[in-house]
Every structure is written in C-alpha cells, then in structure tokens.
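Report on the structure given below.
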Amino acid sequence: MMSSGATELNTFYPIRPECQNDVPVTRFKPRAGKTLSARRWHASFSAEGRLNIAKVLRRIQRGGVHPSIKGVVWEFLLGCYDPNSTFDERNELKQRRRGQYDMWKAECQKMVPVIGSGKFITTPLLGDDGKPIDPSLVGISTSDNKVLQWLQVLHQIGLDVVRTDRALAFYETEANQAKLWDVLAVFAWLNSETGYVQGMNDICSPLIILIENEADCFWCFERAMRRLRENFRCSASSMGVQSQLSTLSQIMKTVDPKLHQHLEDLDGGEYLFAFRMLMVLFRREFSFADTLYLWELMWGMEYNPNIFSKYEEPDRTKAKESSSAINDKMLKQYGKFERKNVKTGNTEESYSLAIFLVASVLEIKNRRILNEAKGVDDVVQILGDITSNLDAKKACTEALKIQKKYLSKAKKA
C-alpha cells in the first residue's frame, strides 16, 4: 500500500529538524499503479531469478521506484547485474565482488589505518615536504607518486564528506559519514588517473544511503562513475564537462536557433552556466528524494540491456552489437531514450539524456531568458528559480521531445 507521499518519504530520508526550512520542497510521491512497488518488482523475476526488464522499465519510466527497493533496482539500472542472470549467478558474483572490495580496502588500510575504523580525516596527512604530519596516521613511508597523490587527497574527501547532504539525519552519525569517505577513498586509490574530484561525493551519497552493504555500494558507485567519468576528467586545458557543453550548444543551435543566438550575444554560447547541472546530475536543483526520482527516470530511459556485458566484456559486446540486428522484442528491453538512439543509429555516448534535460530546462525558461536576460548572470538567476519548481517527470518528457526534434533536424541536415 502506498501511503501519502511526503510523510512516507520522510520516514525513508528523514530531514534534520533544524534544516526543514532550508531544503527544496519534494514533489515526488509514490503512486499506486504507476510507481514500481516491491510487490511488482518481486513478481518480475522468474523462478530461477531472471528479470523481465522490459516490464520493470515500463513502470520505472511511468512513476519511478518505491523507496523501499530503490537500492536493489538501481543495481540493475546501473549495470551491476545482468537481468538475464539467475539468483545463484548474481549471488556468486556479489560474493566475489565483496571479497575483491575487502582486499582493496585492506590494501588502503595498510597505508592509512583510519580507513574502515568508522572515523575519517579532514586535515592534511602530508606536509609541504611530502612527509607525514602525524606518522601515526600513515602506515607507510614512500616516495611513490601514486601513493603520495592519493594521501594528499584524503583530507579533501573528508572535507567534502562533512558538507554532503548535511540536512539528512542519516549523516548525523560519524559512522555513516565514514562509510562515504571509505568508498570514495578506495575508489580514488583504484582510479589514480581521475583520482577524486569534488562532486563525486554528491553522486556517491545516495548510494551510501540506499545500499546497506559497503562493498555493494562501492560497485554501484563504480558503475555510476563509468557513465559519468568524463564529467570528472580534468586536464590543464579542459574540464571534463566541456565536451557535453559543446554538445549542448550544438543541440540548442539546432532545436532553438533564436535562443542559442541570444545566449551567444550574451557571451553565454559556451553554456558554462550549465556546468553544475551536468557535473552532479541536478543535485542542487532538486530535493534529495526528487534527485533520486530524476536519476532513476534517466537511467530507466537510457537503459541498454547490454550494459552489464559492456562493462564486464567490452570487446565481445562491441562485436556482438555491431553484428546483431535488433528486433522489436529486444527493443522493448531498452529505455525510451536509448531505443530512439538505437533506431536512428545514433550511438555517440556524448549525447546523454542529461544534456537534453538541460536543453529542456532552457526551453521551459525560453521566454524569460529571451525577454529578461541582459547578461549571463541573469541567465544563471532565471535557471536558479527552477529549484523546487521543476517536475522531474515533465523535464524528462520534454527532454525526449527535444531528442526527437534534434535527431530529425540533424538527419535532414
């Protein structure tokens, strides 16, 4: 039974009393007959555990996922598991991954014993000379660049952890904050190329809350980061989100040349004002519960049934995808957004739904931007007004319309 939305959501993601007035209003409410319920989710598995993903996607795209099952559903949406696998196969994979994570975490713990202790650090471990400030906090002496780089970022992760979702009662306990720190620290150690970048904490935090087991949470975050890694890849000459911003520019130029020209005239043609929306997937524009709703709508619409094998066996999947024709039954296993891409042969990964979502927000605010914006600051202010006033479902529906318009115009061009 789905009771009245707001009170129910508050039992899943309680807000600290002193923060009640500072958080955006939540618009999402679980709706009977539309939202994927626990009962319907369990009924979507065969006796041996194969998931009818087409049926599940239909429901998610209609009304999101009930809070009681979000974590397990997201593991499929993000590609942790193959819907066609059995209960036994998934359990075996889960145990293997948990063992792998424990091993990596133990490796990190040897270097920094506070990892896994239920505590975390917010002050630098190394001085300007590269030597430990407090030798009791660092378990090794090394000149290895990879290790030093990692040690230098751990307190930054800690500072960001303290700032993450502070309004939620969940993070009142240090143990829960430490769980977020541990996952980000292990991830930064294993991914030295990107390391840790501010904003990853905003992506990881909901997973920490939704998935109880830390190792399972890590793998889910690792999968989420595979989609978003380019956002966080920064070099001396470019920011990770830059390629998405130029894609956004191209889309706007195609679907709304008048608005695009106006933004160009205001020196906003590079769309830098959309940087944050894309970087952390609208975390600042929505309440916590609405962000979760938006993400599952997006991931449902972008779902590709080959996502699991693409991560596990990339080369084989590429060969299989290019050689096999996709019939109507298979198409139903794709989300609405991805289905359109497959049908039109648009396989460019840089065209993510998030970019079309930003375009949909610009279209929603089109008239105000054209009439009122005299500079980029005005555009930022107009877009700032969407906080708490944007309906996630409506924005996604609008984004799909823009995708359709863009693909048909691009095809004609």
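By order of appearance in the structure tokens: chains A, B, ..., then residues from 1 within every chain, and ligands from 1 in the order shown.
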What lies within 8 Å of region 47-60 of chain A using only C-alpha atoms, ignoring chain neighbours under 2 positions off, as a ChimeraX atom specification?
/A:34-36,41,44-45,62-65,83-88,296-297,300-301,332-335
Would you save the residues of that selection, restricted to N, CA, C and O atoms, as an mmCIF file, in the first residue's frame?
data_model
loop_
_atom_site.group_PDB
_atom_site.id
_atom_site.type_symbol
_atom_site.label_atom_id
_atom_site.label_comp_id
_atom_site.auth_asym_id
_atom_site.auth_seq_id
_atom_site.Cartn_x
_atom_site.Cartn_y
_atom_site.Cartn_z
ATOM 1 N N LYS A 34 1.473 3.277 -10.700
ATOM 2 C CA LYS A 34 2.462 3.924 -11.583
ATOM 3 C C LYS A 34 3.883 3.641 -11.123
ATOM 4 O O LYS A 34 4.766 3.310 -11.897
ATOM 5 N N THR A 35 4.128 3.839 -9.814
ATOM 6 C CA THR A 35 5.474 3.628 -9.264
ATOM 7 C C THR A 35 5.749 2.124 -9.147
ATOM 8 O O THR A 35 4.857 1.363 -8.801
ATOM 9 N N LEU A 36 6.994 1.735 -9.436
ATOM 10 C CA LEU A 36 7.373 0.316 -9.285
ATOM 11 C C LEU A 36 7.363 -0.034 -7.800
ATOM 12 O O LEU A 36 8.157 0.493 -7.027
ATOM 13 N N TRP A 41 7.943 -5.574 -8.264
ATOM 14 C CA TRP A 41 9.364 -5.863 -8.523
ATOM 15 C C TRP A 41 9.637 -7.355 -8.321
ATOM 16 O O TRP A 41 10.206 -8.012 -9.187
ATOM 17 N N SER A 44 8.435 -9.668 -10.933
ATOM 18 C CA SER A 44 9.049 -9.541 -12.265
ATOM 19 C C SER A 44 10.187 -10.535 -12.490
ATOM 20 O O SER A 44 10.809 -10.537 -13.554
ATOM 21 N N PHE A 45 10.468 -11.358 -11.480
ATOM 22 C CA PHE A 45 11.525 -12.372 -11.617
ATOM 23 C C PHE A 45 10.910 -13.739 -11.902
ATOM 24 O O PHE A 45 9.863 -14.083 -11.355
ATOM 25 N N ARG A 62 7.298 5.325 -15.913
ATOM 26 C CA ARG A 62 5.981 5.915 -15.668
ATOM 27 C C ARG A 62 5.928 6.629 -14.320
ATOM 28 O O ARG A 62 5.338 7.682 -14.187
ATOM 29 N N GLY A 63 6.573 6.040 -13.289
ATOM 30 C CA GLY A 63 6.401 6.637 -11.956
ATOM 31 C C GLY A 63 7.525 6.382 -10.969
ATOM 32 O O GLY A 63 7.314 6.453 -9.758
ATOM 33 N N GLY A 64 8.732 6.086 -11.475
ATOM 34 C CA GLY A 64 9.860 5.904 -10.558
ATOM 35 C C GLY A 64 9.795 4.601 -9.781
ATOM 36 O O GLY A 64 9.052 3.669 -10.129
ATOM 37 N N VAL A 65 10.597 4.539 -8.712
ATOM 38 C CA VAL A 65 10.764 3.312 -7.922
ATOM 39 C C VAL A 65 10.398 3.607 -6.473
ATOM 40 O O VAL A 65 10.784 4.646 -5.933
ATOM 41 N N PRO A 83 20.127 -8.664 -16.244
ATOM 42 C CA PRO A 83 18.754 -9.081 -15.947
ATOM 43 C C PRO A 83 18.505 -10.544 -16.303
ATOM 44 O O PRO A 83 17.635 -11.200 -15.751
ATOM 45 N N ASN A 84 19.313 -11.048 -17.234
ATOM 46 C CA ASN A 84 19.117 -12.422 -17.692
ATOM 47 C C ASN A 84 19.839 -13.452 -16.827
ATOM 48 O O ASN A 84 19.839 -14.636 -17.121
ATOM 49 N N SER A 85 20.480 -12.995 -15.741
ATOM 50 C CA SER A 85 21.203 -13.929 -14.863
ATOM 51 C C SER A 85 20.235 -14.519 -13.838
ATOM 52 O O SER A 85 19.141 -14.011 -13.621
ATOM 53 N N THR A 86 20.673 -15.604 -13.181
ATOM 54 C CA THR A 86 19.820 -16.252 -12.172
ATOM 55 C C THR A 86 20.186 -15.726 -10.775
ATOM 56 O O THR A 86 21.226 -15.094 -10.597
ATOM 57 N N PHE A 87 19.325 -16.051 -9.805
ATOM 58 C CA PHE A 87 19.620 -15.670 -8.408
ATOM 59 C C PHE A 87 20.995 -16.186 -8.003
ATOM 60 O O PHE A 87 21.792 -15.469 -7.393
ATOM 61 N N ASP A 88 21.276 -17.462 -8.350
ATOM 62 C CA ASP A 88 22.545 -18.091 -7.942
ATOM 63 C C ASP A 88 23.744 -17.396 -8.581
ATOM 64 O O ASP A 88 24.764 -17.161 -7.925
ATOM 65 N N GLU A 296 16.530 7.831 -11.454
ATOM 66 C CA GLU A 296 16.007 6.526 -11.899
ATOM 67 C C GLU A 296 15.187 6.675 -13.189
ATOM 68 O O GLU A 296 15.186 5.777 -14.027
ATOM 69 N N LEU A 297 14.519 7.827 -13.360
ATOM 70 C CA LEU A 297 13.830 8.073 -14.636
ATOM 71 C C LEU A 297 14.861 8.118 -15.763
ATOM 72 O O LEU A 297 14.697 7.497 -16.813
ATOM 73 N N GLY A 300 16.482 4.735 -16.309
ATOM 74 C CA GLY A 300 15.492 3.855 -16.939
ATOM 75 C C GLY A 300 15.371 4.173 -18.423
ATOM 76 O O GLY A 300 15.363 3.289 -19.273
ATOM 77 N N MET A 301 15.300 5.454 -18.751
ATOM 78 C CA MET A 301 15.156 5.873 -20.145
ATOM 79 C C MET A 301 16.425 5.612 -20.967
ATOM 80 O O MET A 301 16.358 5.391 -22.170
ATOM 81 N N LYS A 332 12.182 -3.553 -26.737
ATOM 82 C CA LYS A 332 11.405 -3.278 -25.523
ATOM 83 C C LYS A 332 12.275 -3.337 -24.266
ATOM 84 O O LYS A 332 11.883 -2.866 -23.207
ATOM 85 N N GLN A 333 13.455 -3.971 -24.400
ATOM 86 C CA GLN A 333 14.366 -4.059 -23.249
ATOM 87 C C GLN A 333 15.257 -2.816 -23.130
ATOM 88 O O GLN A 333 16.087 -2.731 -22.239
ATOM 89 N N TYR A 334 15.087 -1.880 -24.042
ATOM 90 C CA TYR A 334 15.821 -0.613 -23.989
ATOM 91 C C TYR A 334 14.919 0.464 -23.396
ATOM 92 O O TYR A 334 13.697 0.409 -23.551
ATOM 93 N N GLY A 335 15.514 1.449 -22.719
ATOM 94 C CA GLY A 335 14.736 2.592 -22.254
ATOM 95 C C GLY A 335 14.317 3.451 -23.447
ATOM 96 O O GLY A 335 14.891 3.338 -24.530
#
Find the spatial neighbours of region 89-100 of chain A, counting only C-alpha atoms, within a cut-off of 12 Å - ignore same-chain residues fewer than 2 positions away - and output them as a count of residues only.
34
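For Val138 (chain A), the non-local neighbours within 12 Å, defined as residues at least 6 positions apart in the same chain or in other chains and counting only C-alpha atoms, are Cys108, Gln109, Lys110, Met111, Val112, Pro113, Val114, Ile115, Ile121, Pro124, Leu125, Leu126, Gly130, Lys131, Pro132, Val147, Leu148, Trp150, Leu151, Gln152 and Leu154 of chain A.
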Got a sec: who's within 7 Å of region 394-397 of chain A, counting only C-alpha atoms, leaving out chain neighbours fewer than 3 positions off, as a count of residues only?
6
Val358 (chain A): which residues within 8 Å, counting only C-alpha atoms, same-chain residues fewer than 6 positions away excluded, as a PDB file with all heavy atoms, in the first residue's frame?
ATOM      1  N   LEU A 248      25.719  20.318 -25.965  1.00  0.00           N
ATOM      2  CA  LEU A 248      24.525  21.094 -25.603  1.00  0.00           C
ATOM      3  C   LEU A 248      24.376  22.293 -26.547  1.00  0.00           C
ATOM      4  O   LEU A 248      23.282  22.586 -27.046  1.00  0.00           O
ATOM      5  CB  LEU A 248      24.629  21.566 -24.149  1.00  0.00           C
ATOM      6  CG  LEU A 248      23.554  22.528 -23.644  1.00  0.00           C
ATOM      7  CD1 LEU A 248      22.173  21.881 -23.669  1.00  0.00           C
ATOM      8  CD2 LEU A 248      23.871  22.996 -22.214  1.00  0.00           C
ATOM      9  N   ALA A 274      25.618  25.877 -17.312  1.00  0.00           N
ATOM     10  CA  ALA A 274      25.012  24.542 -17.135  1.00  0.00           C
ATOM     11  C   ALA A 274      26.004  23.544 -16.540  1.00  0.00           C
ATOM     12  O   ALA A 274      25.670  22.374 -16.328  1.00  0.00           O
ATOM     13  CB  ALA A 274      24.505  24.023 -18.479  1.00  0.00           C
ATOM     14  N   MET A 277      24.856  21.588 -13.311  1.00  0.00           N
ATOM     15  CA  MET A 277      23.740  20.671 -13.562  1.00  0.00           C
ATOM     16  C   MET A 277      24.249  19.351 -14.132  1.00  0.00           C
ATOM     17  O   MET A 277      23.818  18.275 -13.731  1.00  0.00           O
ATOM     18  CB  MET A 277      22.756  21.283 -14.576  1.00  0.00           C
ATOM     19  CG  MET A 277      21.942  22.426 -14.067  1.00  0.00           C
ATOM     20  SD  MET A 277      20.793  22.908 -15.394  1.00  0.00           S
ATOM     21  CE  MET A 277      20.357  24.555 -14.879  1.00  0.00           C
ATOM     22  N   LEU A 278      25.166  19.467 -15.104  1.00  0.00           N
ATOM     23  CA  LEU A 278      25.682  18.262 -15.759  1.00  0.00           C
ATOM     24  C   LEU A 278      26.667  17.509 -14.864  1.00  0.00           C
ATOM     25  O   LEU A 278      26.670  16.287 -14.830  1.00  0.00           O
ATOM     26  CB  LEU A 278      26.362  18.634 -17.080  1.00  0.00           C
ATOM     27  CG  LEU A 278      25.414  19.071 -18.200  1.00  0.00           C
ATOM     28  CD1 LEU A 278      26.198  19.652 -19.367  1.00  0.00           C
ATOM     29  CD2 LEU A 278      24.560  17.898 -18.682  1.00  0.00           C
TER      30      LEU A 278
END
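Those residues of region 65-240 of chain A that DSSP, working from the backbone, places in strand (DSSP E or B) are A:Val65, A:Leu126, A:Pro132, A:Leu168.
Ranking A:Trp295, A:Tyr303, A:Ser249, A:Lys374 by their shortest atom-to-atom distance to Ala359 (chain A), with only C-alpha atoms included, puts A:Ser249 first.
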Hey, which of A:Trp181, A:Phe273, A:Phe286, A:Tyr171 ends up closest to Leu362 (chain A)? Count only C-alpha atoms.
A:Phe273
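With only C-alpha atoms as the atoms that count, the residue of A:Thr247, A:Thr387, A:Ser37, A:Thr164 with the shortest distance to Glu285 (chain A) is A:Thr387.
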Which residues of region 163-214 of chain A sit at most 6 Å from region 13-31 of chain A, using only C-alpha atoms? Give each one's shortest atom pair and distance in Å (one decimal place), in chain and ascending residue order, as a tab-separated table.
residue	atom	partner	partner_atom	distance
A:Ala167	CA	A:Cys19	CA	5.4
A:Leu168	CA	A:Ile15	CA	4.6
A:Ala169	CA	A:Arg16	CA	5.0
Could you write out the selected residues, including N, CA, C and O atoms, as a PDB file, in the first residue's frame?
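So the final result, stored in again39.pdb, reads:
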ATOM      1  N   ALA A 167      21.654  18.125   5.497  1.00  0.00           N
ATOM      2  CA  ALA A 167      20.285  18.251   6.018  1.00  0.00           C
ATOM      3  C   ALA A 167      19.690  16.884   6.385  1.00  0.00           C
ATOM      4  O   ALA A 167      18.695  16.814   7.099  1.00  0.00           O
ATOM      5  N   LEU A 168      20.309  15.802   5.912  1.00  0.00           N
ATOM      6  CA  LEU A 168      19.743  14.466   6.163  1.00  0.00           C
ATOM      7  C   LEU A 168      20.195  13.921   7.511  1.00  0.00           C
ATOM      8  O   LEU A 168      21.386  13.952   7.839  1.00  0.00           O
ATOM      9  N   ALA A 169      19.231  13.382   8.252  1.00  0.00           N
ATOM     10  CA  ALA A 169      19.536  12.807   9.577  1.00  0.00           C
ATOM     11  C   ALA A 169      20.541  11.658   9.464  1.00  0.00           C
ATOM     12  O   ALA A 169      21.323  11.406  10.377  1.00  0.00           O
TER      13      ALA A 169
END
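Shortest atom-to-atom contact with Trp74 (chain A) among A:Arg223, A:Arg229, A:Lys409, A:Arg284: A:Arg223, counting only C-alpha atoms.
Every protein, DNA or RNA residue with an atom at most 12 Å from Lys340 (chain A), where only C-alpha atoms count and chain neighbours fewer than 3 positions away do not, is listed here: Met301, Glu302, Tyr303, Asn304, Leu331, Lys332, Tyr334, Gly335, Lys336, Phe337, Lys343, Thr344, Gly345, Asn346, Thr347, Tyr351, Leu353, Leu400, Lys401, Ile402, Gln403, Lys404, Lys405, Tyr406, Leu407 and Ser408 of chain A.
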Mind dumping the selected residues with C-alpha atoms as an mmCIF file, in the first residue's frame?
data_model
loop_
_atom_site.group_PDB
_atom_site.id
_atom_site.type_symbol
_atom_site.label_atom_id
_atom_site.label_comp_id
_atom_site.auth_asym_id
_atom_site.auth_seq_id
_atom_site.Cartn_x
_atom_site.Cartn_y
_atom_site.Cartn_z
ATOM 1 C CA MET A 301 15.156 5.873 -20.145
ATOM 2 C CA GLU A 302 18.860 5.398 -21.005
ATOM 3 C CA TYR A 303 18.849 1.687 -20.164
ATOM 4 C CA ASN A 304 20.626 -0.605 -22.600
ATOM 5 C CA LEU A 331 13.878 -3.077 -28.415
ATOM 6 C CA LYS A 332 11.405 -3.278 -25.523
ATOM 7 C CA TYR A 334 15.821 -0.613 -23.989
ATOM 8 C CA GLY A 335 14.736 2.592 -22.254
ATOM 9 C CA LYS A 336 12.777 5.127 -24.346
ATOM 10 C CA PHE A 337 15.756 7.427 -24.886
ATOM 11 C CA LYS A 343 16.622 3.050 -34.086
ATOM 12 C CA THR A 344 18.338 6.083 -35.622
ATOM 13 C CA GLY A 345 21.845 4.638 -35.316
ATOM 14 C CA ASN A 346 22.949 7.489 -33.034
ATOM 15 C CA THR A 347 25.474 5.657 -30.841
ATOM 16 C CA TYR A 351 24.655 12.560 -26.312
ATOM 17 C CA LEU A 353 19.884 12.308 -21.635
ATOM 18 C CA LEU A 400 12.630 13.158 -25.058
ATOM 19 C CA LYS A 401 10.706 15.584 -27.300
ATOM 20 C CA ILE A 402 13.863 17.658 -27.798
ATOM 21 C CA GLN A 403 15.839 14.499 -28.608
ATOM 22 C CA LYS A 404 13.224 13.577 -31.257
ATOM 23 C CA LYS A 405 13.298 17.091 -32.737
ATOM 24 C CA TYR A 406 17.097 17.178 -32.722
ATOM 25 C CA LEU A 407 17.516 13.758 -34.384
ATOM 26 C CA SER A 408 15.020 14.581 -37.142
#
